[in-house]
Number of protein chains: 2
Amino acid sequence: MLVKVLGAAAGGAFPQWNCACTQCQRSRSGIFAGQPRTQAQVALTEDSVSWTLLNASPDIRVQIEATPRLWPDGGSLHSPIQSVVLTAAEADTVAGLLSLREFQPLDIYATPSVLRILREDNSLFGLLERVPRQAVWKEIDPNVEFSLGELRFKPFSLPGGFPAYIASDRRAQLEPEEAVLGLVIESPSGKMAYLPGAAKVEDSWRGWLEECDVILFDGTFWTDDELCRVRGGGGKKALEMGHLPISGPGGSLAALSGVRCRRKIFFHINNTNPILDESSPAYAEVLAAGWEVARDGMEIRI
Amino acid sequence: MLVKVLGAAAGGAFPQWNCACTQCQRSRSGIFAGQPRTQAQVALTEDSVSWTLLNASPDIRVQIEATPRLWPDGGSLHSPIQSVVLTAAEADTVAGLLSLREFQPLDIYATPSVLRILREDNSLFGLLERVPRQAVWKEIDPNVEFSLGELRFKPFSLPGGFPAYIASDRRAQLEPEEAVLGLVIESPSGKMAYLPGAAKVEDSWRGWLEECDVILFDGTFWTDDELCRVRGGGGKKALEMGHLPISGPGGSLAALSGVRCRRKIFFHINNTNPILDESSPAYAEVLAAGWEVARDGMEIRI
């Protein structure tokens, strides 16, 4: 399995269009010891011919153009991208579908609740249904494995809830366990866990996490109050937003320290997170703990 | 007035993610005599402090990052972008609003029908209403001028109809003359006409077009059957899609040849259009006729 990180930042990217925090300012000035990053996006393949996207970020168009492996290889309209697996209905995970509309056949996998949000509550996604056999919507049951070619997907429900844009009356009609998924993706050559948004590490996860060759884990925030401090009081706590911070006694570094796994990679990194700064103590600490920090263009072979 | 072209291509951009036409292939190979272009996006300002976007393209985030004039200038969350004027409800003109959501105050102007499509038919845009005084939705009457600071907007209805994603029963509830707008934007220093999608040039337009210093005009296609030929039979005719082709006896070059105006600029250029190729006879022909071809980053002072 080849896993390509097309974008490693959390929603808003790094730098974020309207953020003048120290890190964003320094990045724009060209004096930041770290790379800019587009919004979280992964593509994977077993045969290097047909690719599956994990979610569809708002940056997907420029991410594809930055990735020769995902360019059309001939004919008039063509793409190696054959499917998309959605793990939530956040704008960061679905808006890119609107950029994948040019009459291109695409299998789109999501839970029934997420499909209802897209297909019943947002007429724009009708763009994907303009010709026969354009988008084919496929339901994911959070407890049932499914296959895409030689790749086997094991979805599981994560705590988290539906996005803030969903009205409370609509929310009451949806299934909470269908709001946010984690994935374990298995190929003949190995396994990867995909957990870009996790509010905690369940004790029961350790067993199967140890069986994975690679973990892509929620690297959104370094501390629980990071956003509040950077925003001078505004902003939510990391845990309120469904993201376990990396540092501290209850953080993900500590919680996953005992998990043996070939590569542990922080992914979905907010613009305020000091691990973006390769001259920071935070960056040194994650490296010393055996972790990597995802960056755009990173290729992971499993 | 300063007009900044952030993106000059039609929907899908150039190259287009799933297009393997000669121009897209050559552009990706680095052997094309012309620049890549992001999707159509204009920003304008009178005072160089507060900016208005004309529409919100799916590429808006990367377009802002490519434009230092649009970077935040301090504080925690800030943007010089204060308003957006929407001229249609196409994905190409509205999807970028989803990238402008980070709790940033924004006045969004559109016709009542376009506002209904966004606010009633697409729950995702609720992202723009998460805190008080975030998005302020403002109605445009197609026949009534309005002001944004020192800029004066004169909207007018264009033939064209609502986007294909809108179901026929919903379409029946909307006002056809609110589907697609053209704009004349006037500042103390001059006037610009903004017509990125025009299926014809009305005789009655000549008078006011001559009063404009700059025309940004529909440069989508060179010929009516361009898309059908490139797609090998698939695809619609330019006029069916609401775009007057540039070339030929009935094309925009001929129709606007008598209009005296300081700068005439083709804008919203499809990836298949030969005017993107600066070594082409088509490019030479538009230049010889006194036209310019818009490109990303172009600044127009009026």
# chains A, B, ... in the order shown; residues from 1 in each chain; ligands from 1

call {"tool": "residues_around", "arguments": {"residues": "Met241 of chain A", "least_positions_apart": "4", "cutoff": "12 Å", "atoms": "only C-alpha atoms", "output": "PyMOL selection string"}}
result
chain A and resi 159-164+197-200+218+220-221+224-227+235-237+245

call {"tool": "write_last_selection", "arguments": {"atoms": "N, CA, C and O atoms", "output": "PDB file, in the first residue's frame"}}
result
ATOM      1  N   PRO A 159     -16.279   9.143  19.138  1.00  0.00           N
ATOM      2  CA  PRO A 159     -17.101  10.209  19.719  1.00  0.00           C
ATOM      3  C   PRO A 159     -16.804  11.496  18.960  1.00  0.00           C
ATOM      4  O   PRO A 159     -15.730  11.647  18.402  1.00  0.00           O
ATOM      5  N   GLY A 160     -17.732  12.415  18.921  1.00  0.00           N
ATOM      6  CA  GLY A 160     -17.436  13.657  18.197  1.00  0.00           C
ATOM      7  C   GLY A 160     -18.677  14.426  17.795  1.00  0.00           C
ATOM      8  O   GLY A 160     -18.737  15.624  17.924  1.00  0.00           O
ATOM      9  N   GLY A 161     -19.680  13.744  17.305  1.00  0.00           N
ATOM     10  CA  GLY A 161     -20.897  14.458  16.951  1.00  0.00           C
ATOM     11  C   GLY A 161     -20.837  15.080  15.570  1.00  0.00           C
ATOM     12  O   GLY A 161     -19.781  15.173  14.946  1.00  0.00           O
ATOM     13  N   PHE A 162     -22.000  15.537  15.111  1.00  0.00           N
ATOM     14  CA  PHE A 162     -22.128  16.126  13.787  1.00  0.00           C
ATOM     15  C   PHE A 162     -21.611  17.565  13.790  1.00  0.00           C
ATOM     16  O   PHE A 162     -21.511  18.202  14.836  1.00  0.00           O
ATOM     17  N   PRO A 163     -21.293  18.084  12.593  1.00  0.00           N
ATOM     18  CA  PRO A 163     -20.716  19.440  12.513  1.00  0.00           C
ATOM     19  C   PRO A 163     -21.656  20.510  13.063  1.00  0.00           C
ATOM     20  O   PRO A 163     -22.883  20.344  13.102  1.00  0.00           O
ATOM     21  N   ALA A 164     -21.069  21.624  13.458  1.00  0.00           N
ATOM     22  CA  ALA A 164     -21.811  22.741  14.049  1.00  0.00           C
ATOM     23  C   ALA A 164     -22.855  23.325  13.109  1.00  0.00           C
ATOM     24  O   ALA A 164     -23.826  23.933  13.550  1.00  0.00           O
ATOM     25  N   GLY A 197      -9.159  12.794  13.964  1.00  0.00           N
ATOM     26  CA  GLY A 197      -9.838  13.534  15.023  1.00  0.00           C
ATOM     27  C   GLY A 197     -10.231  12.570  16.127  1.00  0.00           C
ATOM     28  O   GLY A 197     -11.154  11.775  15.959  1.00  0.00           O
ATOM     29  N   ALA A 198      -9.513  12.619  17.247  1.00  0.00           N
ATOM     30  CA  ALA A 198      -9.808  11.685  18.345  1.00  0.00           C
ATOM     31  C   ALA A 198      -9.740  12.452  19.655  1.00  0.00           C
ATOM     32  O   ALA A 198      -8.741  13.099  19.951  1.00  0.00           O
ATOM     33  N   ALA A 199     -10.810  12.401  20.422  1.00  0.00           N
ATOM     34  CA  ALA A 199     -10.865  13.135  21.679  1.00  0.00           C
ATOM     35  C   ALA A 199     -10.236  12.341  22.827  1.00  0.00           C
ATOM     36  O   ALA A 199      -9.932  12.895  23.880  1.00  0.00           O
ATOM     37  N   LYS A 200     -10.058  11.043  22.621  1.00  0.00           N
ATOM     38  CA  LYS A 200      -9.374  10.245  23.641  1.00  0.00           C
ATOM     39  C   LYS A 200      -8.808   8.979  23.019  1.00  0.00           C
ATOM     40  O   LYS A 200      -9.148   8.630  21.879  1.00  0.00           O
ATOM     41  N   ASP A 218      -4.441  12.181  15.256  1.00  0.00           N
ATOM     42  CA  ASP A 218      -4.844  13.570  15.513  1.00  0.00           C
ATOM     43  C   ASP A 218      -3.694  14.407  16.101  1.00  0.00           C
ATOM     44  O   ASP A 218      -3.337  14.257  17.269  1.00  0.00           O
ATOM     45  N   THR A 220      -3.846  17.843  15.983  1.00  0.00           N
ATOM     46  CA  THR A 220      -4.399  19.194  15.851  1.00  0.00           C
ATOM     47  C   THR A 220      -3.730  20.197  16.807  1.00  0.00           C
ATOM     48  O   THR A 220      -3.210  21.229  16.376  1.00  0.00           O
ATOM     49  N   PHE A 221      -3.754  19.869  18.100  1.00  0.00           N
ATOM     50  CA  PHE A 221      -3.281  20.844  19.095  1.00  0.00           C
ATOM     51  C   PHE A 221      -2.187  20.268  19.998  1.00  0.00           C
ATOM     52  O   PHE A 221      -2.192  19.081  20.327  1.00  0.00           O
ATOM     53  N   ASP A 224      -4.395  21.828  25.464  1.00  0.00           N
ATOM     54  CA  ASP A 224      -5.854  21.954  25.443  1.00  0.00           C
ATOM     55  C   ASP A 224      -6.303  23.405  25.251  1.00  0.00           C
ATOM     56  O   ASP A 224      -7.302  23.669  24.587  1.00  0.00           O
ATOM     57  N   ASP A 225      -5.548  24.363  25.800  1.00  0.00           N
ATOM     58  CA  ASP A 225      -5.970  25.769  25.744  1.00  0.00           C
ATOM     59  C   ASP A 225      -5.242  26.575  24.669  1.00  0.00           C
ATOM     60  O   ASP A 225      -5.262  27.803  24.678  1.00  0.00           O
ATOM     61  N   GLU A 226      -4.624  25.873  23.722  1.00  0.00           N
ATOM     62  CA  GLU A 226      -3.786  26.523  22.707  1.00  0.00           C
ATOM     63  C   GLU A 226      -4.521  27.620  21.927  1.00  0.00           C
ATOM     64  O   GLU A 226      -4.034  28.739  21.770  1.00  0.00           O
ATOM     65  N   LEU A 227      -5.718  27.289  21.470  1.00  0.00           N
ATOM     66  CA  LEU A 227      -6.464  28.236  20.650  1.00  0.00           C
ATOM     67  C   LEU A 227      -6.886  29.454  21.480  1.00  0.00           C
ATOM     68  O   LEU A 227      -6.809  30.592  21.029  1.00  0.00           O
ATOM     69  N   GLY A 235     -12.064  31.326  21.209  1.00  0.00           N
ATOM     70  CA  GLY A 235     -11.715  29.974  20.785  1.00  0.00           C
ATOM     71  C   GLY A 235     -12.069  28.941  21.814  1.00  0.00           C
ATOM     72  O   GLY A 235     -12.210  29.227  23.005  1.00  0.00           O
ATOM     73  N   LYS A 236     -12.236  27.710  21.358  1.00  0.00           N
ATOM     74  CA  LYS A 236     -12.613  26.614  22.249  1.00  0.00           C
ATOM     75  C   LYS A 236     -11.382  25.851  22.713  1.00  0.00           C
ATOM     76  O   LYS A 236     -10.308  25.953  22.129  1.00  0.00           O
ATOM     77  N   LYS A 237     -11.606  25.045  23.738  1.00  0.00           N
ATOM     78  CA  LYS A 237     -10.578  24.112  24.167  1.00  0.00           C
ATOM     79  C   LYS A 237     -10.465  22.962  23.149  1.00  0.00           C
ATOM     80  O   LYS A 237     -11.460  22.600  22.496  1.00  0.00           O
ATOM     81  N   PRO A 245      -5.228  16.827  22.987  1.00  0.00           N
ATOM     82  CA  PRO A 245      -3.944  17.507  22.740  1.00  0.00           C
ATOM     83  C   PRO A 245      -2.783  16.513  22.800  1.00  0.00           C
ATOM     84  O   PRO A 245      -2.904  15.434  23.370  1.00  0.00           O
TER      85      PRO A 245
END

call {"tool": "closest_atom_pairs", "arguments": {"of": "chain A", "to": "chain B", "cutoff": "6 Å", "atoms": "only C-alpha atoms", "output": "JSON lines"}}
result
{"residue": "A:Asn18", "atom": "CA", "partner": "B:His78", "partner_atom": "CA", "distance": 5.1}
{"residue": "A:Cys19", "atom": "CA", "partner": "B:Leu77", "partner_atom": "CA", "distance": 4.8}
{"residue": "A:Ala20", "atom": "CA", "partner": "B:Ser76", "partner_atom": "CA", "distance": 5.2}
{"residue": "A:Cys21", "atom": "CA", "partner": "B:Ser76", "partner_atom": "CA", "distance": 5.7}
{"residue": "A:Pro72", "atom": "CA", "partner": "B:Asn18", "partner_atom": "CA", "distance": 5.5}
{"residue": "A:Gly74", "atom": "CA", "partner": "B:Ala20", "partner_atom": "CA", "distance": 5.4}
{"residue": "A:Ser76", "atom": "CA", "partner": "B:Ala20", "partner_atom": "CA", "distance": 5.2}
{"residue": "A:Leu77", "atom": "CA", "partner": "B:Cys19", "partner_atom": "CA", "distance": 4.8}
{"residue": "A:His78", "atom": "CA", "partner": "B:Asn18", "partner_atom": "CA", "distance": 5.1}
{"residue": "A:Ser79", "atom": "CA", "partner": "B:Asn18", "partner_atom": "CA", "distance": 5.1}
{"residue": "A:Asp121", "atom": "CA", "partner": "B:Asn122", "partner_atom": "CA", "distance": 5.7}
{"residue": "A:Asn122", "atom": "CA", "partner": "B:Asn122", "partner_atom": "CA", "distance": 4.0}
{"residue": "A:Ser123", "atom": "CA", "partner": "B:Asp121", "partner_atom": "CA", "distance": 5.8}
{"residue": "A:Leu124", "atom": "CA", "partner": "B:Tyr165", "partner_atom": "CA", "distance": 5.9}
{"residue": "A:Gly126", "atom": "CA", "partner": "B:Tyr165", "partner_atom": "CA", "distance": 4.8}
{"residue": "A:Leu127", "atom": "CA", "partner": "B:Tyr165", "partner_atom": "CA", "distance": 5.2}
{"residue": "A:Tyr165", "atom": "CA", "partner": "B:Gly126", "partner_atom": "CA", "distance": 4.8}
{"residue": "A:Arg231", "atom": "CA", "partner": "B:Ser76", "partner_atom": "CA", "distance": 5.6}

call {"tool": "write_last_selection", "arguments": {"atoms": "all heavy atoms", "output": "tab-separated table (two decimals), in the first residue's frame"}}
result
chain	number	residue	atom	x	y	z
A	18	ASN	N	-6.96	34.08	7.45
A	18	ASN	CA	-7.27	35.26	8.27
A	18	ASN	C	-6.58	35.20	9.64
A	18	ASN	O	-7.03	35.83	10.58
A	18	ASN	CB	-8.78	35.41	8.46
A	18	ASN	CG	-9.38	34.31	9.32
A	18	ASN	OD1	-8.79	33.23	9.43
A	18	ASN	ND2	-10.54	34.55	9.90
A	19	CYS	N	-5.49	34.45	9.74
A	19	CYS	CA	-4.81	34.31	11.03
A	19	CYS	C	-3.47	35.03	11.00
A	19	CYS	O	-2.64	34.81	10.11
A	19	CYS	CB	-4.61	32.84	11.37
A	19	CYS	SG	-3.88	32.64	13.01
A	20	ALA	N	-3.29	35.89	11.99
A	20	ALA	CA	-2.04	36.64	12.11
A	20	ALA	C	-1.30	36.23	13.37
A	20	ALA	O	-0.62	37.02	14.00
A	20	ALA	CB	-2.34	38.14	12.11
A	21	CYS	N	-1.44	34.95	13.75
A	21	CYS	CA	-0.67	34.45	14.90
A	21	CYS	C	0.81	34.44	14.51
A	21	CYS	O	1.16	34.56	13.33
A	21	CYS	CB	-1.14	33.06	15.32
A	21	CYS	SG	-0.61	31.72	14.23
A	72	PRO	N	-4.37	12.81	-14.70
A	72	PRO	CA	-4.99	11.94	-15.70
A	72	PRO	C	-3.90	11.40	-16.63
A	72	PRO	O	-2.93	12.09	-16.91
A	72	PRO	CB	-5.94	12.87	-16.45
A	72	PRO	CG	-5.45	14.25	-16.20
A	72	PRO	CD	-4.80	14.22	-14.85
A	74	GLY	N	-4.41	10.08	-19.76
A	74	GLY	CA	-4.75	10.00	-21.17
A	74	GLY	C	-6.24	10.04	-21.37
A	74	GLY	O	-7.00	10.11	-20.42
A	76	SER	N	-9.70	11.87	-22.79
A	76	SER	CA	-10.13	13.25	-22.62
A	76	SER	C	-10.34	13.55	-21.15
A	76	SER	O	-9.61	14.33	-20.55
A	76	SER	CB	-11.40	13.49	-23.42
A	76	SER	OG	-11.89	14.76	-23.15
A	77	LEU	N	-11.32	12.92	-20.52
A	77	LEU	CA	-11.51	13.08	-19.09
A	77	LEU	C	-11.09	11.77	-18.41
A	77	LEU	O	-11.58	10.70	-18.74
A	77	LEU	CB	-12.97	13.39	-18.76
A	77	LEU	CG	-13.50	14.74	-19.25
A	77	LEU	CD1	-14.96	14.91	-18.87
A	77	LEU	CD2	-12.67	15.91	-18.74
A	78	HIS	N	-10.19	11.87	-17.49
A	78	HIS	CA	-9.70	10.68	-16.80
A	78	HIS	C	-9.11	11.09	-15.46
A	78	HIS	O	-8.60	12.21	-15.31
A	78	HIS	CB	-8.61	9.97	-17.61
A	78	HIS	CG	-7.93	8.88	-16.85
A	78	HIS	ND1	-6.77	9.06	-16.14
A	78	HIS	CD2	-8.30	7.59	-16.65
A	78	HIS	CE1	-6.43	7.93	-15.55
A	78	HIS	NE2	-7.33	7.02	-15.84
A	79	SER	N	-9.19	10.19	-14.48
A	79	SER	CA	-8.49	10.39	-13.23
A	79	SER	C	-8.17	9.04	-12.61
A	79	SER	O	-9.00	8.13	-12.69
A	79	SER	CB	-9.34	11.21	-12.25
A	79	SER	OG	-8.70	11.25	-10.99
A	121	ASP	N	-29.62	17.67	2.39
A	121	ASP	CA	-29.54	18.99	3.02
A	121	ASP	C	-28.67	19.98	2.24
A	121	ASP	O	-28.54	21.13	2.64
A	121	ASP	CB	-28.95	18.88	4.43
A	121	ASP	CG	-29.77	17.96	5.33
A	121	ASP	OD1	-30.85	17.54	4.91
A	121	ASP	OD2	-29.30	17.65	6.44
A	122	ASN	N	-28.03	19.52	1.18
A	122	ASN	CA	-27.10	20.39	0.45
A	122	ASN	C	-27.22	20.14	-1.06
A	122	ASN	O	-26.57	19.25	-1.61
A	122	ASN	CB	-25.67	20.15	0.94
A	122	ASN	CG	-25.44	20.74	2.32
A	122	ASN	OD1	-25.26	21.95	2.47
A	122	ASN	ND2	-25.51	19.89	3.34
A	123	SER	N	-28.04	20.98	-1.69
A	123	SER	CA	-28.34	20.74	-3.10
A	123	SER	C	-27.11	20.84	-4.00
A	123	SER	O	-27.07	20.26	-5.07
A	123	SER	CB	-29.44	21.70	-3.58
A	123	SER	OG	-28.99	23.04	-3.56
A	124	LEU	N	-26.07	21.56	-3.55
A	124	LEU	CA	-24.85	21.70	-4.37
A	124	LEU	C	-24.27	20.35	-4.80
A	124	LEU	O	-23.72	20.23	-5.89
A	124	LEU	CB	-23.78	22.46	-3.59
A	124	LEU	CG	-23.74	23.98	-3.75
A	124	LEU	CD1	-22.88	24.60	-2.64
A	124	LEU	CD2	-23.16	24.38	-5.10
A	126	GLY	N	-25.69	17.92	-5.85
A	126	GLY	CA	-26.35	17.45	-7.06
A	126	GLY	C	-25.45	17.57	-8.29
A	126	GLY	O	-25.65	16.89	-9.30
A	127	LEU	N	-24.41	18.43	-8.19
A	127	LEU	CA	-23.40	18.53	-9.24
A	127	LEU	C	-22.74	17.21	-9.57
A	127	LEU	O	-22.23	17.01	-10.66
A	127	LEU	CB	-22.27	19.45	-8.75
A	127	LEU	CG	-22.54	20.93	-8.76
A	127	LEU	CD1	-21.42	21.64	-8.03
A	127	LEU	CD2	-22.64	21.40	-10.20
A	165	TYR	N	-22.69	23.15	11.79
A	165	TYR	CA	-23.64	23.77	10.86
A	165	TYR	C	-24.97	23.04	10.81
A	165	TYR	O	-25.92	23.52	10.18
A	165	TYR	CB	-23.03	23.91	9.47
A	165	TYR	CG	-22.79	22.61	8.72
A	165	TYR	CD1	-23.83	21.96	8.05
A	165	TYR	CD2	-21.53	22.03	8.66
A	165	TYR	CE1	-23.61	20.78	7.36
A	165	TYR	CE2	-21.30	20.86	7.97
A	165	TYR	CZ	-22.33	20.24	7.32
A	165	TYR	OH	-22.12	19.08	6.64
A	231	ARG	N	-5.70	33.13	20.57
A	231	ARG	CA	-6.78	34.05	20.20
A	231	ARG	C	-7.08	35.06	21.31
A	231	ARG	O	-8.07	35.80	21.21
A	231	ARG	CB	-8.07	33.28	19.89
A	231	ARG	CG	-7.96	32.31	18.75
A	231	ARG	CD	-8.19	32.95	17.41
A	231	ARG	NE	-7.98	31.99	16.35
A	231	ARG	CZ	-6.87	31.88	15.61
A	231	ARG	NH1	-5.85	32.72	15.82
A	231	ARG	NH2	-6.75	30.97	14.68

call {"tool": "residues_around", "arguments": {"residues": "segment 187-193 of chain A", "least_positions_apart": "6", "cutoff": "9 Å", "atoms": "only C-alpha atoms", "output": "list in words"}}
result
Met1, Glu46, Glu150, Leu151, Arg152, Trp208, Leu209, Glu211, Cys212, Asp213, Val214, Ile215, Leu216, Phe217 and Ile302 of chain A

call {"tool": "write_last_selection", "arguments": {"atoms": "N, CA, C and O atoms", "output": "JSON list (two decimals), in the first residue's frame"}}
result
[["chain", "number", "residue", "atom", "x", "y", "z"],
["A", 1, "MET", "N", 0.86, -1.19, 0.00],
["A", 1, "MET", "CA", 0.00, 0.00, 0.00],
["A", 1, "MET", "C", 0.89, 1.24, 0.00],
["A", 1, "MET", "O", 1.85, 1.33, 0.74],
["A", 46, "GLU", "N", -3.18, 0.49, -3.71],
["A", 46, "GLU", "CA", -2.45, -0.77, -3.56],
["A", 46, "GLU", "C", -1.67, -1.07, -4.83],
["A", 46, "GLU", "O", -0.58, -1.61, -4.78],
["A", 150, "GLU", "N", -8.04, -4.35, -3.48],
["A", 150, "GLU", "CA", -7.31, -5.18, -2.51],
["A", 150, "GLU", "C", -7.22, -4.52, -1.14],
["A", 150, "GLU", "O", -6.60, -5.05, -0.23],
["A", 151, "LEU", "N", -7.80, -3.32, -1.02],
["A", 151, "LEU", "CA", -7.76, -2.64, 0.28],
["A", 151, "LEU", "C", -9.01, -2.99, 1.07],
["A", 151, "LEU", "O", -10.13, -2.97, 0.55],
["A", 152, "ARG", "N", -8.80, -3.27, 2.35],
["A", 152, "ARG", "CA", -9.90, -3.65, 3.23],
["A", 152, "ARG", "C", -10.06, -2.54, 4.27],
["A", 152, "ARG", "O", -9.09, -2.15, 4.93],
["A", 208, "TRP", "N", -5.40, -3.40, 18.79],
["A", 208, "TRP", "CA", -5.35, -3.32, 17.33],
["A", 208, "TRP", "C", -4.41, -2.23, 16.83],
["A", 208, "TRP", "O", -3.87, -2.32, 15.73],
["A", 209, "LEU", "N", -4.17, -1.19, 17.64],
["A", 209, "LEU", "CA", -3.19, -0.19, 17.22],
["A", 209, "LEU", "C", -1.80, -0.83, 17.08],
["A", 209, "LEU", "O", -1.04, -0.51, 16.18],
["A", 211, "GLU", "N", -1.18, -3.69, 16.12],
["A", 211, "GLU", "CA", -1.12, -4.51, 14.89],
["A", 211, "GLU", "C", -0.92, -3.67, 13.64],
["A", 211, "GLU", "O", -0.73, -4.20, 12.55],
["A", 212, "CYS", "N", -1.01, -2.35, 13.81],
["A", 212, "CYS", "CA", -0.86, -1.47, 12.63],
["A", 212, "CYS", "C", 0.61, -1.16, 12.38],
["A", 212, "CYS", "O", 1.40, -1.02, 13.31],
["A", 213, "ASP", "N", 0.98, -1.04, 11.12],
["A", 213, "ASP", "CA", 2.33, -0.64, 10.75],
["A", 213, "ASP", "C", 2.49, 0.87, 10.89],
["A", 213, "ASP", "O", 3.57, 1.36, 11.20],
["A", 214, "VAL", "N", 1.42, 1.57, 10.63],
["A", 214, "VAL", "CA", 1.45, 3.04, 10.66],
["A", 214, "VAL", "C", 0.19, 3.55, 11.34],
["A", 214, "VAL", "O", -0.90, 3.01, 11.12],
["A", 215, "ILE", "N", 0.36, 4.58, 12.17],
["A", 215, "ILE", "CA", -0.80, 5.29, 12.73],
["A", 215, "ILE", "C", -0.73, 6.74, 12.27],
["A", 215, "ILE", "O", 0.29, 7.41, 12.48],
["A", 216, "LEU", "N", -1.79, 7.22, 11.62],
["A", 216, "LEU", "CA", -1.93, 8.66, 11.37],
["A", 216, "LEU", "C", -2.87, 9.16, 12.45],
["A", 216, "LEU", "O", -4.06, 8.85, 12.43],
["A", 217, "PHE", "N", -2.34, 9.94, 13.39],
["A", 217, "PHE", "CA", -3.14, 10.30, 14.56],
["A", 217, "PHE", "C", -3.33, 11.81, 14.66],
["A", 217, "PHE", "O", -2.49, 12.61, 14.24],
["A", 302, "ILE", "N", 3.69, 0.92, 2.94],
["A", 302, "ILE", "CA", 3.35, -0.07, 3.97],
["A", 302, "ILE", "C", 3.39, -1.46, 3.33],
["A", 302, "ILE", "O", 2.77, -1.68, 2.30]]

call {"tool": "atom_distance", "arguments": {"atom1": "atom CA of Arg37 of chain A", "atom2": "atom CA of Ala282 of chain A"}}
result
17.8 Å

call {"tool": "closest_residue", "arguments": {"among": "A:Thr52, A:Ser252, A:Thr272, A:Thr87", "to": "Val180 of chain A", "atoms": "only C-alpha atoms"}}
result
A:Thr87

call {"tool": "atom_distance", "arguments": {"atom1": "atom CA of Ala179 of chain B", "atom2": "atom CA of Pro142 of chain B"}}
result
9.6 Å

call {"tool": "atom_distance", "arguments": {"atom1": "atom CA of Leu244 of chain B", "atom2": "atom CA of Pro196 of chain B"}}
result
10.4 Å
